[in-house]
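Everything on this sheet refers to the single structure shown next.
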Amino acid sequence: MLFDFSLGGYLSHDQYYAGLSVSQMRQASGTIGQAGYKLKRHYYLTGGYTFRFPSLPAYEFTPSLFVKSDLTSTQLDINTLVTYNQKFWGGLSYRLNDAMVAMVGLKIDQYSVGYAYDFTISPMGRNGRSFGSHEIMLRYCFQLEVEKLPQPHRTVRFL
């Protein structure tokens, strides 16, 4: 067992979001039996924008990017989600030179549940070594309300 930590931040607004995180910051090392290993630091960057069309008010279209890197190799995911009535969502993702992903989900209040299937398109998958993977997502989103402090009124009378 090794001590390590990660750090990240996420910002979202009405129509956009962005996130940045770093994992395995300590780059801890250890041994398993006689084999030694060292964890490598990883960087993650994500961002997206939600388009709303006046002619289709029940639908939202959210393209996004997700970049993962350890500064030796980098992966890029290009994603798109379509949300219906801010409750049901589905989408597609393409991981550059590696996989296609189909996903569906449901959001109720602060809870979300989703399912995705990764279909490997790289040589590893074409040679029968990978038939894809299934993923299940459960999420709870905290509703944080930031209270604005009242601005003091300045007057020349009390300067």
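Ordering of the structure tokens sets the chain letters (A, B, ...), residue numbers begin anew at 1 in every chain, and ligands are numbered from 1 in the order given.
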
Applying 6 Å and only C-alpha atoms, which residues near region 66-68 of chain A remain after dropping the ones on its own chain fewer than 2 positions away? List them as a PDB file with N, CA, C and O atoms, in the first residue's frame.
```pdb
ATOM      1  N   TYR A  43      -2.330  13.579 -16.326  1.00  0.00           N
ATOM      2  CA  TYR A  43      -3.030  14.860 -16.432  1.00  0.00           C
ATOM      3  C   TYR A  43      -4.313  14.662 -17.235  1.00  0.00           C
ATOM      4  O   TYR A  43      -4.312  13.950 -18.250  1.00  0.00           O
ATOM      5  N   TYR A  44      -5.389  15.300 -16.782  1.00  0.00           N
ATOM      6  CA  TYR A  44      -6.689  15.178 -17.440  1.00  0.00           C
ATOM      7  C   TYR A  44      -7.251  16.587 -17.658  1.00  0.00           C
ATOM      8  O   TYR A  44      -7.242  17.413 -16.744  1.00  0.00           O
ATOM      9  N   LEU A  45      -7.756  16.828 -18.859  1.00  0.00           N
ATOM     10  CA  LEU A  45      -8.353  18.110 -19.201  1.00  0.00           C
ATOM     11  C   LEU A  45      -9.653  17.834 -19.940  1.00  0.00           C
ATOM     12  O   LEU A  45      -9.682  17.012 -20.860  1.00  0.00           O
ATOM     13  N   THR A  46     -10.732  18.485 -19.539  1.00  0.00           N
ATOM     14  CA  THR A  46     -12.016  18.294 -20.201  1.00  0.00           C
ATOM     15  C   THR A  46     -12.716  19.635 -20.356  1.00  0.00           C
ATOM     16  O   THR A  46     -12.458  20.571 -19.603  1.00  0.00           O
ATOM     17  N   THR A  74      -0.568  10.412 -25.209  1.00  0.00           N
ATOM     18  CA  THR A  74      -1.759  11.233 -25.012  1.00  0.00           C
ATOM     19  C   THR A  74      -2.935  10.570 -25.715  1.00  0.00           C
ATOM     20  O   THR A  74      -2.776  10.029 -26.811  1.00  0.00           O
ATOM     21  N   GLN A  75      -4.103  10.608 -25.074  1.00  0.00           N
ATOM     22  CA  GLN A  75      -5.345  10.126 -25.668  1.00  0.00           C
ATOM     23  C   GLN A  75      -6.317  11.287 -25.769  1.00  0.00           C
ATOM     24  O   GLN A  75      -6.383  12.126 -24.872  1.00  0.00           O
ATOM     25  N   LEU A  76      -7.083  11.304 -26.861  1.00  0.00           N
ATOM     26  CA  LEU A  76      -8.079  12.342 -27.078  1.00  0.00           C
ATOM     27  C   LEU A  76      -9.422  11.682 -27.316  1.00  0.00           C
ATOM     28  O   LEU A  76      -9.542  10.800 -28.165  1.00  0.00           O
ATOM     29  N   ASP A  77     -10.433  12.094 -26.549  1.00  0.00           N
ATOM     30  CA  ASP A  77     -11.806  11.641 -26.747  1.00  0.00           C
ATOM     31  C   ASP A  77     -12.621  12.814 -27.275  1.00  0.00           C
ATOM     32  O   ASP A  77     -12.579  13.908 -26.709  1.00  0.00           O
TER      33      ASP A  77
END
```

Based on DSSP run over this structure's backbone, return all residues of chain A in helix (DSSP H, G or I), as a PyMOL selection string.
-> chain A and resi 123-126+156-158

Near Met25 (chain A), within 7 Å and counting only C-alpha atoms, which residues show up once chain neighbours fewer than 4 positions away are dropped, as a ChimeraX atom specification?
-> /A:4-6,41

One decimal, Å: what's the distance from CA of Ser21 (chain A) over to CA of Gly47 (chain A), could you say?
-> 12.1 Å

Residue neighbourhood His134 (chain A), 9 Å, only C-alpha atoms, exclusion window fewer than 6 positions, as a PDB file with all heavy atoms, in the first residue's frame:
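Heads up, here's the output in result-v4.pdb:
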```pdb
ATOM      1  N   TYR A 115     -25.211   4.069 -18.826  1.00  0.00           N
ATOM      2  CA  TYR A 115     -24.581   2.859 -19.331  1.00  0.00           C
ATOM      3  C   TYR A 115     -23.819   3.226 -20.613  1.00  0.00           C
ATOM      4  O   TYR A 115     -24.308   4.009 -21.427  1.00  0.00           O
ATOM      5  CB  TYR A 115     -25.630   1.790 -19.656  1.00  0.00           C
ATOM      6  CG  TYR A 115     -25.067   0.625 -20.427  1.00  0.00           C
ATOM      7  CD1 TYR A 115     -24.315  -0.348 -19.781  1.00  0.00           C
ATOM      8  CD2 TYR A 115     -25.244   0.527 -21.795  1.00  0.00           C
ATOM      9  CE1 TYR A 115     -23.766  -1.409 -20.495  1.00  0.00           C
ATOM     10  CE2 TYR A 115     -24.702  -0.528 -22.515  1.00  0.00           C
ATOM     11  CZ  TYR A 115     -23.966  -1.496 -21.855  1.00  0.00           C
ATOM     12  OH  TYR A 115     -23.421  -2.530 -22.550  1.00  0.00           O
ATOM     13  N   ALA A 116     -22.637   2.656 -20.772  1.00  0.00           N
ATOM     14  CA  ALA A 116     -21.847   2.883 -21.983  1.00  0.00           C
ATOM     15  C   ALA A 116     -21.212   1.574 -22.421  1.00  0.00           C
ATOM     16  O   ALA A 116     -20.881   0.717 -21.599  1.00  0.00           O
ATOM     17  CB  ALA A 116     -20.758   3.927 -21.725  1.00  0.00           C
ATOM     18  N   TYR A 117     -21.069   1.438 -23.718  1.00  0.00           N
ATOM     19  CA  TYR A 117     -20.369   0.284 -24.280  1.00  0.00           C
ATOM     20  C   TYR A 117     -19.244   0.794 -25.163  1.00  0.00           C
ATOM     21  O   TYR A 117     -19.472   1.556 -26.108  1.00  0.00           O
ATOM     22  CB  TYR A 117     -21.309  -0.604 -25.102  1.00  0.00           C
ATOM     23  CG  TYR A 117     -20.587  -1.785 -25.706  1.00  0.00           C
ATOM     24  CD1 TYR A 117     -20.156  -2.830 -24.904  1.00  0.00           C
ATOM     25  CD2 TYR A 117     -20.299  -1.820 -27.062  1.00  0.00           C
ATOM     26  CE1 TYR A 117     -19.470  -3.901 -25.440  1.00  0.00           C
ATOM     27  CE2 TYR A 117     -19.613  -2.888 -27.614  1.00  0.00           C
ATOM     28  CZ  TYR A 117     -19.198  -3.925 -26.798  1.00  0.00           C
ATOM     29  OH  TYR A 117     -18.513  -4.983 -27.333  1.00  0.00           O
ATOM     30  N   ASP A 118     -18.008   0.399 -24.851  1.00  0.00           N
ATOM     31  CA  ASP A 118     -16.818   0.744 -25.635  1.00  0.00           C
ATOM     32  C   ASP A 118     -16.569  -0.385 -26.635  1.00  0.00           C
ATOM     33  O   ASP A 118     -16.406  -1.537 -26.224  1.00  0.00           O
ATOM     34  CB  ASP A 118     -15.579   0.850 -24.744  1.00  0.00           C
ATOM     35  CG  ASP A 118     -15.587   2.066 -23.853  1.00  0.00           C
ATOM     36  OD1 ASP A 118     -16.670   2.488 -23.460  1.00  0.00           O
ATOM     37  OD2 ASP A 118     -14.497   2.565 -23.553  1.00  0.00           O
TER      38      ASP A 118
END
```

For CA of Ser12 (chain A) and CA of Phe142 (chain A), quote the distance in Å rounded to one decimal.
-> 12.3 Å

Can you list, as a VMD selection string, every protein, DNA or RNA residue that comes within 6 Å of Leu106 (chain A) when you count only C-alpha atoms, leaving out same-chain residues fewer than 2 positions away?
-> chain A and resid 87 to 88 112 to 113

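Going from CA of Val82 (chain A) to CA of Arg139 (chain A) covers 18.1 Å.
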
Using only C-alpha atoms, determine which residues lie at most 6 Å from Gly114 (chain A), disregarding the query and same-chain residues fewer than 2 positions distant; provide the list as a PyMOL selection string.
-> chain A and resi 104-105+136-137

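Using only C-alpha atoms, the nearest neighbour of Lys38 (chain A) within the list A:Ala58, A:Met100, A:Leu11, A:Leu2 is A:Leu2.
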
Non-local contacts of Ile78 (chain A) (9 Å; only C-alpha atoms; under 6 positions in same chain excluded) as a list in words | Pro63, Ser64, Leu65, Phe66, Val67, Leu92, Ser93, Tyr94, Arg95 and Leu96 of chain A

Writer output for current selection, N, CA and C atoms, as an mmCIF file, in the first residue's frame:
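Saved the output as again26.cif:
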```
data_model
loop_
_atom_site.group_PDB
_atom_site.id
_atom_site.type_symbol
_atom_site.label_atom_id
_atom_site.label_comp_id
_atom_site.auth_asym_id
_atom_site.auth_seq_id
_atom_site.Cartn_x
_atom_site.Cartn_y
_atom_site.Cartn_z
ATOM 1 N N PRO A 63 -21.341 19.023 -27.351
ATOM 2 C CA PRO A 63 -20.062 18.453 -27.779
ATOM 3 C C PRO A 63 -19.000 18.735 -26.711
ATOM 4 N N SER A 64 -18.025 17.835 -26.593
ATOM 5 C CA SER A 64 -16.972 18.029 -25.595
ATOM 6 C C SER A 64 -15.701 17.298 -26.006
ATOM 7 N N LEU A 65 -14.616 17.657 -25.340
ATOM 8 C CA LEU A 65 -13.314 17.019 -25.534
ATOM 9 C C LEU A 65 -12.789 16.555 -24.188
ATOM 10 N N PHE A 66 -12.025 15.470 -24.209
ATOM 11 C CA PHE A 66 -11.390 14.953 -23.004
ATOM 12 C C PHE A 66 -9.984 14.514 -23.397
ATOM 13 N N VAL A 67 -8.967 15.115 -22.780
ATOM 14 C CA VAL A 67 -7.576 14.806 -23.083
ATOM 15 C C VAL A 67 -6.945 14.182 -21.853
ATOM 16 N N LEU A 92 -22.506 9.632 -28.396
ATOM 17 C CA LEU A 92 -21.428 8.871 -29.000
ATOM 18 C C LEU A 92 -20.101 9.519 -28.639
ATOM 19 N N SER A 93 -19.062 8.681 -28.608
ATOM 20 C CA SER A 93 -17.723 9.168 -28.318
ATOM 21 C C SER A 93 -16.749 8.430 -29.217
ATOM 22 N N TYR A 94 -15.698 9.132 -29.605
ATOM 23 C CA TYR A 94 -14.633 8.527 -30.401
ATOM 24 C C TYR A 94 -13.320 8.770 -29.682
ATOM 25 N N ARG A 95 -12.654 7.703 -29.306
ATOM 26 C CA ARG A 95 -11.316 7.788 -28.708
ATOM 27 C C ARG A 95 -10.330 7.572 -29.840
ATOM 28 N N LEU A 96 -9.547 8.584 -30.132
ATOM 29 C CA LEU A 96 -8.672 8.612 -31.296
ATOM 30 C C LEU A 96 -7.881 7.310 -31.444
#
```

Looking at only C-alpha atoms, which of A:Phe3, A:Tyr140, A:Trp89, A:Tyr59 is the one that sits closest to Arg26 (chain A)?
-> A:Phe3

For the strand (DSSP E or B) assignment from backbone DSSP, which residues of region 6-82 of chain A qualify? Please present them as a CSV table (one decimal) with C-alpha atoms, in the first residue's frame.
```
chain,number,residue,atom,x,y,z
A,7,LEU,CA,-5.7,17.3,-7.3
A,8,GLY,CA,-8.4,18.7,-9.6
A,9,GLY,CA,-10.9,21.4,-10.2
A,10,TYR,CA,-14.2,21.6,-12.1
A,11,LEU,CA,-16.1,24.7,-13.1
A,12,SER,CA,-19.6,24.6,-14.7
A,16,TYR,CA,-20.2,25.4,-20.5
A,17,TYR,CA,-17.9,23.4,-18.2
A,18,ALA,CA,-14.2,22.8,-17.9
A,19,GLY,CA,-12.1,20.6,-15.7
A,20,LEU,CA,-8.4,19.9,-15.0
A,21,SER,CA,-6.9,17.3,-12.7
A,22,VAL,CA,-3.7,15.6,-11.9
A,23,SER,CA,-3.5,12.1,-10.4
A,29,SER,CA,7.2,3.5,-6.1
A,30,GLY,CA,7.2,0.1,-4.5
A,31,THR,CA,7.7,-3.6,-5.2
A,32,ILE,CA,5.4,-6.6,-5.6
A,35,ALA,CA,9.3,-6.7,-9.4
A,36,GLY,CA,9.6,-3.0,-8.8
A,37,TYR,CA,7.3,-0.3,-10.2
A,38,LYS,CA,6.8,3.4,-10.1
A,42,HIS,CA,-1.3,11.7,-15.2
A,43,TYR,CA,-3.0,14.9,-16.4
A,44,TYR,CA,-6.7,15.2,-17.4
A,45,LEU,CA,-8.4,18.1,-19.2
A,46,THR,CA,-12.0,18.3,-20.2
A,47,GLY,CA,-14.4,20.9,-21.5
A,48,GLY,CA,-17.7,21.2,-23.3
A,49,TYR,CA,-20.4,23.6,-24.3
A,51,PHE,CA,-26.1,24.4,-27.4
A,52,ARG,CA,-29.8,25.1,-27.1
A,53,PHE,CA,-31.9,25.7,-30.2
A,56,LEU,CA,-36.1,22.5,-30.5
A,57,PRO,CA,-36.5,23.7,-26.8
A,58,ALA,CA,-36.7,20.1,-25.4
A,59,TYR,CA,-33.2,19.2,-26.8
A,60,GLU,CA,-29.7,20.1,-25.8
A,61,PHE,CA,-26.6,19.3,-27.8
A,62,THR,CA,-23.3,19.1,-25.9
A,63,PRO,CA,-20.1,18.5,-27.8
A,64,SER,CA,-17.0,18.0,-25.6
A,65,LEU,CA,-13.3,17.0,-25.5
A,66,PHE,CA,-11.4,15.0,-23.0
A,67,VAL,CA,-7.6,14.8,-23.1
A,68,LYS,CA,-5.5,12.3,-21.0
A,69,SER,CA,-1.8,12.4,-20.9
A,74,THR,CA,-1.8,11.2,-25.0
A,75,GLN,CA,-5.3,10.1,-25.7
A,76,LEU,CA,-8.1,12.3,-27.1
A,77,ASP,CA,-11.8,11.6,-26.7
A,78,ILE,CA,-14.3,13.6,-28.9
A,79,ASN,CA,-17.8,13.3,-27.4
A,80,THR,CA,-21.3,14.4,-28.1
A,81,LEU,CA,-24.4,14.1,-26.0
A,82,VAL,CA,-28.0,14.9,-26.8
```
